[in-house]
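Shown next: final_38.cif, given as mmCIF, N, CA and C atoms.
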```
data_protein
#
loop_
_atom_site.label_atom_id
_atom_site.label_comp_id
_atom_site.auth_asym_id
_atom_site.auth_seq_id
_atom_site.Cartn_x
_atom_site.Cartn_y
_atom_site.Cartn_z
N MET G 1 52.59 -30.60 64.60
CA MET G 1 53.27 -30.65 63.32
C MET G 1 53.52 -29.24 62.79
N LYS G 2 52.51 -28.37 62.92
CA LYS G 2 52.68 -26.99 62.46
C LYS G 2 53.80 -26.30 63.21
N ARG G 3 53.91 -26.55 64.50
CA ARG G 3 54.97 -25.93 65.31
C ARG G 3 56.35 -26.39 64.85
N ILE G 4 56.46 -27.65 64.54
CA ILE G 4 57.75 -28.18 64.08
C ILE G 4 58.13 -27.55 62.75
N LEU G 5 57.18 -27.48 61.83
CA LEU G 5 57.44 -26.85 60.53
C LEU G 5 57.77 -25.38 60.68
N SER G 6 57.06 -24.70 61.55
CA SER G 6 57.33 -23.28 61.79
C SER G 6 58.73 -23.08 62.37
N ALA G 7 59.09 -23.93 63.32
CA ALA G 7 60.43 -23.84 63.93
C ALA G 7 61.51 -24.12 62.91
N LEU G 8 61.29 -25.10 62.05
CA LEU G 8 62.25 -25.43 61.01
C LEU G 8 62.40 -24.29 60.02
N LEU G 9 61.30 -23.72 59.62
CA LEU G 9 61.32 -22.59 58.69
C LEU G 9 62.05 -21.40 59.31
N LEU G 10 61.78 -21.09 60.55
CA LEU G 10 62.46 -19.99 61.23
C LEU G 10 63.95 -20.25 61.32
N THR G 11 64.34 -21.47 61.62
CA THR G 11 65.75 -21.83 61.69
C THR G 11 66.44 -21.64 60.34
N LEU G 12 65.78 -22.06 59.28
CA LEU G 12 66.35 -21.89 57.94
C LEU G 12 66.49 -20.42 57.57
N ILE G 13 65.51 -19.63 57.90
CA ILE G 13 65.56 -18.19 57.61
C ILE G 13 66.70 -17.53 58.37
N LEU G 14 66.81 -17.85 59.65
CA LEU G 14 67.88 -17.27 60.46
C LEU G 14 69.26 -17.72 59.98
N ALA G 15 69.39 -18.96 59.59
CA ALA G 15 70.67 -19.46 59.10
C ALA G 15 71.06 -18.77 57.80
N ALA G 16 70.09 -18.58 56.92
CA ALA G 16 70.38 -17.91 55.65
C ALA G 16 70.76 -16.46 55.88
N SER G 17 70.06 -15.77 56.77
CA SER G 17 70.38 -14.37 57.00
C SER G 17 71.70 -14.21 57.74
N ALA G 18 72.07 -15.18 58.57
CA ALA G 18 73.35 -15.11 59.27
C ALA G 18 74.50 -15.29 58.31
N PHE G 19 74.30 -16.03 57.25
CA PHE G 19 75.34 -16.27 56.28
C PHE G 19 75.59 -15.05 55.41
N GLY G 20 74.54 -14.36 55.00
CA GLY G 20 74.64 -13.27 54.05
C GLY G 20 75.50 -12.12 54.54
N LEU G 21 76.02 -11.37 53.58
CA LEU G 21 76.87 -10.23 53.86
C LEU G 21 76.00 -9.00 54.09
N SER G 22 75.94 -8.52 55.33
CA SER G 22 75.16 -7.32 55.64
C SER G 22 75.89 -6.09 55.12
N ASP G 23 75.20 -4.97 55.09
CA ASP G 23 75.83 -3.72 54.64
C ASP G 23 77.03 -3.36 55.49
N SER G 24 76.91 -3.52 56.81
CA SER G 24 78.03 -3.17 57.68
C SER G 24 79.20 -4.14 57.49
N GLU G 25 78.90 -5.42 57.28
CA GLU G 25 79.97 -6.39 57.01
C GLU G 25 80.67 -6.09 55.69
N TYR G 26 79.89 -5.69 54.71
CA TYR G 26 80.44 -5.32 53.40
C TYR G 26 81.42 -4.16 53.56
N LEU G 27 81.01 -3.13 54.30
CA LEU G 27 81.88 -1.97 54.50
C LEU G 27 83.15 -2.35 55.27
N ARG G 28 82.99 -3.18 56.29
CA ARG G 28 84.15 -3.65 57.06
C ARG G 28 85.10 -4.45 56.18
N LEU G 29 84.56 -5.32 55.38
CA LEU G 29 85.37 -6.14 54.49
C LEU G 29 86.12 -5.27 53.49
N LYS G 30 85.43 -4.28 52.98
CA LYS G 30 86.04 -3.37 52.01
C LYS G 30 87.21 -2.59 52.64
N LYS G 31 87.05 -2.21 53.90
CA LYS G 31 88.11 -1.47 54.60
C LYS G 31 89.26 -2.36 55.03
N SER G 32 88.98 -3.60 55.37
CA SER G 32 89.99 -4.45 55.98
C SER G 32 90.69 -5.40 55.01
N ASN G 33 90.18 -5.56 53.80
CA ASN G 33 90.75 -6.54 52.88
C ASN G 33 91.04 -5.86 51.54
N ALA G 34 92.31 -5.68 51.24
CA ALA G 34 92.72 -4.97 50.02
C ALA G 34 92.26 -5.69 48.76
N ASP G 35 92.29 -7.00 48.77
CA ASP G 35 91.86 -7.75 47.58
C ASP G 35 90.37 -7.56 47.32
N PHE G 36 89.57 -7.61 48.38
CA PHE G 36 88.14 -7.38 48.20
C PHE G 36 87.87 -5.94 47.75
N ALA G 37 88.58 -4.99 48.35
CA ALA G 37 88.39 -3.58 47.96
C ALA G 37 88.73 -3.38 46.49
N ARG G 38 89.79 -4.03 46.01
CA ARG G 38 90.18 -3.93 44.61
C ARG G 38 89.11 -4.57 43.71
N ALA G 39 88.61 -5.73 44.11
CA ALA G 39 87.56 -6.40 43.34
C ALA G 39 86.30 -5.54 43.29
N ASP G 40 85.96 -4.91 44.40
CA ASP G 40 84.78 -4.06 44.46
C ASP G 40 84.95 -2.83 43.57
N ARG G 41 86.13 -2.23 43.58
CA ARG G 41 86.40 -1.07 42.70
C ARG G 41 86.29 -1.49 41.23
N ASN G 42 86.84 -2.65 40.92
CA ASN G 42 86.77 -3.14 39.54
C ASN G 42 85.31 -3.36 39.12
N LEU G 43 84.52 -3.96 39.98
CA LEU G 43 83.10 -4.17 39.68
C LEU G 43 82.40 -2.83 39.45
N THR G 44 82.71 -1.85 40.26
CA THR G 44 82.12 -0.52 40.12
C THR G 44 82.51 0.11 38.78
N GLN G 45 83.77 -0.04 38.39
CA GLN G 45 84.23 0.51 37.11
C GLN G 45 83.54 -0.18 35.94
N VAL G 46 83.42 -1.48 36.00
CA VAL G 46 82.72 -2.23 34.96
C VAL G 46 81.28 -1.74 34.87
N TRP G 47 80.67 -1.60 36.02
CA TRP G 47 79.28 -1.16 36.09
C TRP G 47 79.10 0.22 35.45
N LYS G 48 79.99 1.15 35.76
CA LYS G 48 79.90 2.52 35.20
C LYS G 48 80.10 2.51 33.69
N ARG G 49 81.03 1.70 33.20
CA ARG G 49 81.24 1.62 31.74
C ARG G 49 79.99 1.09 31.06
N LEU G 50 79.39 0.08 31.63
CA LEU G 50 78.18 -0.48 31.03
C LEU G 50 77.04 0.53 31.04
N GLN G 51 76.92 1.27 32.12
CA GLN G 51 75.87 2.27 32.22
C GLN G 51 76.03 3.34 31.13
N ASP G 52 77.26 3.70 30.84
CA ASP G 52 77.53 4.72 29.81
C ASP G 52 77.29 4.20 28.40
N ARG G 53 77.43 2.90 28.20
CA ARG G 53 77.40 2.34 26.85
C ARG G 53 76.10 1.65 26.47
N MET G 54 75.29 1.30 27.43
CA MET G 54 74.09 0.53 27.13
C MET G 54 72.88 1.43 26.92
N PRO G 55 71.95 0.99 26.07
CA PRO G 55 70.67 1.72 25.99
C PRO G 55 69.97 1.66 27.36
N GLY G 56 69.22 2.68 27.66
CA GLY G 56 68.56 2.77 28.96
C GLY G 56 67.72 1.57 29.31
N TRP G 57 66.93 1.09 28.35
CA TRP G 57 66.06 -0.06 28.62
C TRP G 57 66.87 -1.29 29.02
N ALA G 58 68.00 -1.50 28.33
CA ALA G 58 68.83 -2.67 28.60
C ALA G 58 69.54 -2.53 29.95
N PHE G 59 69.98 -1.31 30.24
CA PHE G 59 70.66 -1.09 31.52
C PHE G 59 69.70 -1.32 32.69
N ARG G 60 68.45 -0.95 32.53
CA ARG G 60 67.48 -1.18 33.61
C ARG G 60 67.30 -2.67 33.89
N ILE G 61 67.31 -3.49 32.86
CA ILE G 61 67.23 -4.94 33.04
C ILE G 61 68.46 -5.42 33.81
N LEU G 62 69.63 -4.98 33.38
CA LEU G 62 70.87 -5.38 34.04
C LEU G 62 70.91 -4.89 35.48
N ARG G 63 70.43 -3.68 35.71
CA ARG G 63 70.39 -3.12 37.07
C ARG G 63 69.51 -3.97 37.97
N ASP G 64 68.35 -4.37 37.48
CA ASP G 64 67.46 -5.22 38.27
C ASP G 64 68.10 -6.57 38.58
N GLU G 65 68.79 -7.13 37.61
CA GLU G 65 69.49 -8.39 37.84
C GLU G 65 70.62 -8.21 38.86
N GLN G 66 71.30 -7.08 38.80
CA GLN G 66 72.37 -6.80 39.74
C GLN G 66 71.83 -6.70 41.16
N ARG G 67 70.70 -6.08 41.30
CA ARG G 67 70.08 -5.99 42.64
C ARG G 67 69.75 -7.38 43.17
N GLU G 68 69.24 -8.26 42.30
CA GLU G 68 68.96 -9.63 42.72
C GLU G 68 70.25 -10.34 43.14
N TRP G 69 71.33 -10.09 42.40
CA TRP G 69 72.61 -10.72 42.74
C TRP G 69 73.07 -10.26 44.12
N ILE G 70 72.99 -8.96 44.37
CA ILE G 70 73.43 -8.42 45.66
C ILE G 70 72.54 -8.95 46.79
N ASP G 71 71.25 -9.06 46.53
CA ASP G 71 70.30 -9.49 47.58
C ASP G 71 70.38 -10.97 47.92
N GLY G 72 71.05 -11.77 47.12
CA GLY G 72 71.06 -13.19 47.45
C GLY G 72 72.06 -14.03 46.69
N TRP G 73 72.15 -13.81 45.40
CA TRP G 73 73.02 -14.67 44.61
C TRP G 73 74.49 -14.45 44.95
N ARG G 74 74.86 -13.24 45.34
CA ARG G 74 76.25 -12.98 45.74
C ARG G 74 76.62 -13.91 46.89
N ASP G 75 75.73 -14.04 47.86
CA ASP G 75 75.99 -14.91 49.00
C ASP G 75 76.10 -16.37 48.57
N GLU G 76 75.26 -16.78 47.63
CA GLU G 76 75.32 -18.16 47.14
C GLU G 76 76.64 -18.40 46.39
N ASP G 77 77.05 -17.42 45.59
CA ASP G 77 78.32 -17.55 44.88
C ASP G 77 79.47 -17.66 45.89
N ALA G 78 79.47 -16.83 46.91
CA ALA G 78 80.51 -16.87 47.93
C ALA G 78 80.47 -18.18 48.71
N ARG G 79 79.28 -18.65 49.01
CA ARG G 79 79.14 -19.92 49.75
C ARG G 79 79.80 -21.06 48.98
N MET G 80 79.64 -21.06 47.67
CA MET G 80 80.25 -22.10 46.85
C MET G 80 81.77 -22.10 47.05
N TYR G 81 82.37 -20.92 47.06
CA TYR G 81 83.82 -20.83 47.27
C TYR G 81 84.20 -21.25 48.70
N MET G 82 83.40 -20.87 49.68
CA MET G 82 83.70 -21.27 51.05
C MET G 82 83.64 -22.79 51.21
N GLU G 83 82.73 -23.41 50.51
CA GLU G 83 82.63 -24.87 50.56
C GLU G 83 83.87 -25.53 49.94
N GLN G 84 84.59 -24.79 49.12
CA GLN G 84 85.83 -25.29 48.52
C GLN G 84 87.05 -24.99 49.40
N GLY G 85 86.82 -24.33 50.55
CA GLY G 85 87.90 -24.09 51.50
C GLY G 85 88.41 -22.67 51.56
N TYR G 86 87.83 -21.77 50.78
CA TYR G 86 88.26 -20.37 50.82
C TYR G 86 87.70 -19.68 52.07
N SER G 87 88.43 -18.69 52.56
CA SER G 87 87.93 -17.89 53.68
C SER G 87 86.76 -17.03 53.18
N ARG G 88 86.03 -16.46 54.12
CA ARG G 88 84.89 -15.59 53.78
C ARG G 88 85.35 -14.43 52.89
N ALA G 89 86.45 -13.77 53.26
CA ALA G 89 86.96 -12.63 52.48
C ALA G 89 87.37 -13.08 51.08
N GLU G 90 88.07 -14.20 51.00
CA GLU G 90 88.49 -14.71 49.69
C GLU G 90 87.27 -15.08 48.85
N ALA G 91 86.29 -15.69 49.47
CA ALA G 91 85.10 -16.12 48.74
C ALA G 91 84.34 -14.93 48.17
N TYR G 92 84.16 -13.89 48.95
CA TYR G 92 83.45 -12.70 48.45
C TYR G 92 84.29 -11.97 47.40
N THR G 93 85.60 -12.01 47.53
CA THR G 93 86.47 -11.42 46.52
C THR G 93 86.32 -12.17 45.20
N LEU G 94 86.37 -13.48 45.25
CA LEU G 94 86.22 -14.28 44.04
C LEU G 94 84.83 -14.10 43.41
N ALA G 95 83.80 -14.08 44.23
CA ALA G 95 82.44 -13.89 43.71
C ALA G 95 82.30 -12.52 43.04
N THR G 96 82.92 -11.51 43.63
CA THR G 96 82.86 -10.15 43.07
C THR G 96 83.63 -10.10 41.75
N ASN G 97 84.81 -10.73 41.70
CA ASN G 97 85.57 -10.78 40.45
C ASN G 97 84.81 -11.53 39.37
N ASP G 98 84.16 -12.62 39.75
CA ASP G 98 83.35 -13.37 38.78
C ASP G 98 82.23 -12.49 38.21
N ARG G 99 81.60 -11.72 39.08
CA ARG G 99 80.50 -10.87 38.65
C ARG G 99 81.00 -9.79 37.68
N ALA G 100 82.15 -9.21 37.99
CA ALA G 100 82.72 -8.18 37.11
C ALA G 100 83.03 -8.74 35.73
N GLU G 101 83.42 -9.99 35.67
CA GLU G 101 83.71 -10.65 34.40
C GLU G 101 82.41 -11.01 33.66
N TYR G 102 81.40 -11.37 34.40
CA TYR G 102 80.13 -11.81 33.82
C TYR G 102 79.29 -10.65 33.26
N LEU G 103 79.29 -9.52 33.93
CA LEU G 103 78.38 -8.43 33.56
C LEU G 103 78.49 -7.97 32.10
N PRO G 104 79.70 -7.77 31.54
CA PRO G 104 79.75 -7.35 30.13
C PRO G 104 79.16 -8.40 29.18
N LYS G 105 79.37 -9.67 29.51
CA LYS G 105 78.79 -10.74 28.68
C LYS G 105 77.26 -10.70 28.75
N ARG G 106 76.76 -10.53 29.96
CA ARG G 106 75.31 -10.47 30.14
C ARG G 106 74.72 -9.25 29.45
N ALA G 107 75.43 -8.12 29.53
CA ALA G 107 74.97 -6.89 28.90
C ALA G 107 74.86 -7.08 27.39
N ARG G 108 75.87 -7.69 26.78
CA ARG G 108 75.83 -7.95 25.33
C ARG G 108 74.64 -8.84 24.98
N HIS G 109 74.39 -9.83 25.81
CA HIS G 109 73.27 -10.76 25.55
C HIS G 109 71.93 -10.02 25.64
N ILE G 110 71.77 -9.19 26.63
CA ILE G 110 70.51 -8.44 26.78
C ILE G 110 70.27 -7.57 25.55
N VAL G 111 71.29 -6.84 25.12
CA VAL G 111 71.14 -5.95 23.96
C VAL G 111 70.87 -6.76 22.69
N LYS G 112 71.62 -7.84 22.51
CA LYS G 112 71.46 -8.68 21.32
C LYS G 112 70.06 -9.29 21.23
N GLU G 113 69.56 -9.75 22.37
CA GLU G 113 68.25 -10.38 22.41
C GLU G 113 67.11 -9.37 22.37
N GLY G 114 67.42 -8.12 22.67
CA GLY G 114 66.39 -7.08 22.63
C GLY G 114 65.36 -7.21 23.73
N ARG G 115 65.79 -7.82 24.85
CA ARG G 115 64.84 -7.95 25.97
C ARG G 115 65.41 -7.45 27.24
#
```
Hey, can you dump this file as structure tokens for me?
Amino acid sequence: MKRILSALLLTLILAASAFGLSDSEYLRLKKSNADFARADRNLTQVWKRLQDRMPGWAFRILRDEQREWIDGWRDEDARMYMEQGYSRAEAYTLATNDRAEYLPKRARHIVKEGR
């Protein structure tokens, strides 16, 4: 029974890591897909504006949340779009655009709540 559970767990881990966007895949996608590159530039610009305008304590919270998004939630957001029939490039573009739209709202909430 332990072997079966271990094998199942390993399979799930490998499947999840195979789905995620690695650093090299991210760079390739950025070079090969103009829409994704534009979405990524927009996200970077939004990020820089927030960094300039937010108190340091609030920006650190947002930065930590952004790292969590990149480490896993970005892939989940993209997976949702792929399940709707979008290509991998389109899905990551849409997820990135969604994030760029969400970040200013989240930043305002963090500052307003004082946490």
Would you please work out which residue, of G:Asp75, G:Glu90, G:Asp64, G:Glu113, is nearest to Phe36 in chain G when using only C-alpha atoms?
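For Phe36 in chain G, the nearest of the candidates is G:Glu90.
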List the residues matched by the PyMOL selection byres ((chain G and resi 102-109) around 8) in the displayed structure as a list of chain:residue names, ordered by chain and then by residue number.
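Evaluating the PyMOL selection byres ((chain G and resi 102-109) around 8) on these coordinates yields G:Val46, G:Trp47, G:Leu50, G:Met54, G:Ala58, G:Phe59, G:Leu62, G:Thr96, G:Asn97, G:Asp98, G:Arg99, G:Ala100, G:Glu101, G:Ile110, G:Val111, G:Lys112, G:Glu113, G:Gly114, G:Arg115.
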Nearest to Gly20 in chain G, chosen from G:Arg53, G:Arg79, G:Lys48, G:Arg38, with only C-alpha atoms counted in the distances:
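Closest candidate: G:Arg79.
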How big is the axis-aligned box, and where does its centre sit, when it encloses all atoms of range 51-65 of chain G listed in the file and has 4 Å added on every side, reported in Å to one decimal as lines of an AutoDock Vina configuration file?
```
center_x = 71.8
center_y = -1.8
center_z = 32.4
size_x = 19.5
size_y = 21.1
size_z = 20.9
```
Length of the CA of Asp35 in chain G to CA of Tyr81 in chain G vector [Å]:
15.4 Å
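With the shown file loaded, the PyMOL selection byres (((chain G and resi 78 and name CA) around 8) and name CA) picks out G:Arg74, G:Asp75, G:Glu76, G:Asp77, G:Arg79, G:Met80, G:Tyr81, G:Met82, G:Arg88, G:Ala91, G:Tyr92, G:Leu94, G:Ala95.
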Expected file: the selected residues, N, CA and C atoms, as a compact mmCIF listing (two decimals), keeping the file's coordinate frame:
```txt
# COMPACT_ATOMS: atom_id res chain seq x y z
N ARG G 74 74.86 -13.24 45.34
CA ARG G 74 76.25 -12.98 45.74
C ARG G 74 76.62 -13.91 46.89
N ASP G 75 75.73 -14.04 47.86
CA ASP G 75 75.99 -14.91 49.00
C ASP G 75 76.10 -16.37 48.57
N GLU G 76 75.26 -16.78 47.63
CA GLU G 76 75.32 -18.16 47.14
C GLU G 76 76.64 -18.40 46.39
N ASP G 77 77.05 -17.42 45.59
CA ASP G 77 78.32 -17.55 44.88
C ASP G 77 79.47 -17.66 45.89
N ARG G 79 79.28 -18.65 49.01
CA ARG G 79 79.14 -19.92 49.75
C ARG G 79 79.80 -21.06 48.98
N MET G 80 79.64 -21.06 47.67
CA MET G 80 80.25 -22.10 46.85
C MET G 80 81.77 -22.10 47.05
N TYR G 81 82.37 -20.92 47.06
CA TYR G 81 83.82 -20.83 47.27
C TYR G 81 84.20 -21.25 48.70
N MET G 82 83.40 -20.87 49.68
CA MET G 82 83.70 -21.27 51.05
C MET G 82 83.64 -22.79 51.21
N ARG G 88 86.03 -16.46 54.12
CA ARG G 88 84.89 -15.59 53.78
C ARG G 88 85.35 -14.43 52.89
N ALA G 91 86.29 -15.69 49.47
CA ALA G 91 85.10 -16.12 48.74
C ALA G 91 84.34 -14.93 48.17
N TYR G 92 84.16 -13.89 48.95
CA TYR G 92 83.45 -12.70 48.45
C TYR G 92 84.29 -11.97 47.40
N LEU G 94 86.37 -13.48 45.25
CA LEU G 94 86.22 -14.28 44.04
C LEU G 94 84.83 -14.10 43.41
N ALA G 95 83.80 -14.08 44.23
CA ALA G 95 82.44 -13.89 43.71
C ALA G 95 82.30 -12.52 43.04
```
Just the number, please: distance in Å from CA of Gln66 in chain G to CA of Thr44 in chain G, one decimal.
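Interatomic distance here is 11.6 Å.
Atom pair CA of Asp40 in chain G / CA of Glu25 in chain G: separated by 13.6 Å.
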Those in range 37-98 of chain G with alpha helix (DSSP H) from DSSP, as a PyMOL selection string
chain G and resi 37-53+56-68+74-83+88-98
Please produce a file of those selected residues containing N, CA and C atoms, as a compact mmCIF listing (two decimals), keeping the file's coordinate frame.
```txt
# COMPACT_ATOMS: atom_id res chain seq x y z
N ALA G 37 88.58 -4.99 48.35
CA ALA G 37 88.39 -3.58 47.96
C ALA G 37 88.73 -3.38 46.49
N ARG G 38 89.79 -4.03 46.01
CA ARG G 38 90.18 -3.93 44.61
C ARG G 38 89.11 -4.57 43.71
N ALA G 39 88.61 -5.73 44.11
CA ALA G 39 87.56 -6.40 43.34
C ALA G 39 86.30 -5.54 43.29
N ASP G 40 85.96 -4.91 44.40
CA ASP G 40 84.78 -4.06 44.46
C ASP G 40 84.95 -2.83 43.57
N ARG G 41 86.13 -2.23 43.58
CA ARG G 41 86.40 -1.07 42.70
C ARG G 41 86.29 -1.49 41.23
N ASN G 42 86.84 -2.65 40.92
CA ASN G 42 86.77 -3.14 39.54
C ASN G 42 85.31 -3.36 39.12
N LEU G 43 84.52 -3.96 39.98
CA LEU G 43 83.10 -4.17 39.68
C LEU G 43 82.40 -2.83 39.45
N THR G 44 82.71 -1.85 40.26
CA THR G 44 82.12 -0.52 40.12
C THR G 44 82.51 0.11 38.78
N GLN G 45 83.77 -0.04 38.39
CA GLN G 45 84.23 0.51 37.11
C GLN G 45 83.54 -0.18 35.94
N VAL G 46 83.42 -1.48 36.00
CA VAL G 46 82.72 -2.23 34.96
C VAL G 46 81.28 -1.74 34.87
N TRP G 47 80.67 -1.60 36.02
CA TRP G 47 79.28 -1.16 36.09
C TRP G 47 79.10 0.22 35.45
N LYS G 48 79.99 1.15 35.76
CA LYS G 48 79.90 2.52 35.20
C LYS G 48 80.10 2.51 33.69
N ARG G 49 81.03 1.70 33.20
CA ARG G 49 81.24 1.62 31.74
C ARG G 49 79.99 1.09 31.06
N LEU G 50 79.39 0.08 31.63
CA LEU G 50 78.18 -0.48 31.03
C LEU G 50 77.04 0.53 31.04
N GLN G 51 76.92 1.27 32.12
CA GLN G 51 75.87 2.27 32.22
C GLN G 51 76.03 3.34 31.13
N ASP G 52 77.26 3.70 30.84
CA ASP G 52 77.53 4.72 29.81
C ASP G 52 77.29 4.20 28.40
N ARG G 53 77.43 2.90 28.20
CA ARG G 53 77.40 2.34 26.85
C ARG G 53 76.10 1.65 26.47
N GLY G 56 69.22 2.68 27.66
CA GLY G 56 68.56 2.77 28.96
C GLY G 56 67.72 1.57 29.31
N TRP G 57 66.93 1.09 28.35
CA TRP G 57 66.06 -0.06 28.62
C TRP G 57 66.87 -1.29 29.02
N ALA G 58 68.00 -1.50 28.33
CA ALA G 58 68.83 -2.67 28.60
C ALA G 58 69.54 -2.53 29.95
N PHE G 59 69.98 -1.31 30.24
CA PHE G 59 70.66 -1.09 31.52
C PHE G 59 69.70 -1.32 32.69
N ARG G 60 68.45 -0.95 32.53
CA ARG G 60 67.48 -1.18 33.61
C ARG G 60 67.30 -2.67 33.89
N ILE G 61 67.31 -3.49 32.86
CA ILE G 61 67.23 -4.94 33.04
C ILE G 61 68.46 -5.42 33.81
N LEU G 62 69.63 -4.98 33.38
CA LEU G 62 70.87 -5.38 34.04
C LEU G 62 70.91 -4.89 35.48
N ARG G 63 70.43 -3.68 35.71
CA ARG G 63 70.39 -3.12 37.07
C ARG G 63 69.51 -3.97 37.97
N ASP G 64 68.35 -4.37 37.48
CA ASP G 64 67.46 -5.22 38.27
C ASP G 64 68.10 -6.57 38.58
N GLU G 65 68.79 -7.13 37.61
CA GLU G 65 69.49 -8.39 37.84
C GLU G 65 70.62 -8.21 38.86
N GLN G 66 71.30 -7.08 38.80
CA GLN G 66 72.37 -6.80 39.74
C GLN G 66 71.83 -6.70 41.16
N ARG G 67 70.70 -6.08 41.30
CA ARG G 67 70.08 -5.99 42.64
C ARG G 67 69.75 -7.38 43.17
N GLU G 68 69.24 -8.26 42.30
CA GLU G 68 68.96 -9.63 42.72
C GLU G 68 70.25 -10.34 43.14
N ARG G 74 74.86 -13.24 45.34
CA ARG G 74 76.25 -12.98 45.74
C ARG G 74 76.62 -13.91 46.89
N ASP G 75 75.73 -14.04 47.86
CA ASP G 75 75.99 -14.91 49.00
C ASP G 75 76.10 -16.37 48.57
N GLU G 76 75.26 -16.78 47.63
CA GLU G 76 75.32 -18.16 47.14
C GLU G 76 76.64 -18.40 46.39
N ASP G 77 77.05 -17.42 45.59
CA ASP G 77 78.32 -17.55 44.88
C ASP G 77 79.47 -17.66 45.89
N ALA G 78 79.47 -16.83 46.91
CA ALA G 78 80.51 -16.87 47.93
C ALA G 78 80.47 -18.18 48.71
N ARG G 79 79.28 -18.65 49.01
CA ARG G 79 79.14 -19.92 49.75
C ARG G 79 79.80 -21.06 48.98
N MET G 80 79.64 -21.06 47.67
CA MET G 80 80.25 -22.10 46.85
C MET G 80 81.77 -22.10 47.05
N TYR G 81 82.37 -20.92 47.06
CA TYR G 81 83.82 -20.83 47.27
C TYR G 81 84.20 -21.25 48.70
N MET G 82 83.40 -20.87 49.68
CA MET G 82 83.70 -21.27 51.05
C MET G 82 83.64 -22.79 51.21
N GLU G 83 82.73 -23.41 50.51
CA GLU G 83 82.63 -24.87 50.56
C GLU G 83 83.87 -25.53 49.94
N ARG G 88 86.03 -16.46 54.12
CA ARG G 88 84.89 -15.59 53.78
C ARG G 88 85.35 -14.43 52.89
N ALA G 89 86.45 -13.77 53.26
CA ALA G 89 86.96 -12.63 52.48
C ALA G 89 87.37 -13.08 51.08
N GLU G 90 88.07 -14.20 51.00
CA GLU G 90 88.49 -14.71 49.69
C GLU G 90 87.27 -15.08 48.85
N ALA G 91 86.29 -15.69 49.47
CA ALA G 91 85.10 -16.12 48.74
C ALA G 91 84.34 -14.93 48.17
N TYR G 92 84.16 -13.89 48.95
CA TYR G 92 83.45 -12.70 48.45
C TYR G 92 84.29 -11.97 47.40
N THR G 93 85.60 -12.01 47.53
CA THR G 93 86.47 -11.42 46.52
C THR G 93 86.32 -12.17 45.20
N LEU G 94 86.37 -13.48 45.25
CA LEU G 94 86.22 -14.28 44.04
C LEU G 94 84.83 -14.10 43.41
N ALA G 95 83.80 -14.08 44.23
CA ALA G 95 82.44 -13.89 43.71
C ALA G 95 82.30 -12.52 43.04
N THR G 96 82.92 -11.51 43.63
CA THR G 96 82.86 -10.15 43.07
C THR G 96 83.63 -10.10 41.75
N ASN G 97 84.81 -10.73 41.70
CA ASN G 97 85.57 -10.78 40.45
C ASN G 97 84.81 -11.53 39.37
N ASP G 98 84.16 -12.62 39.75
CA ASP G 98 83.35 -13.37 38.78
C ASP G 98 82.23 -12.49 38.21
```
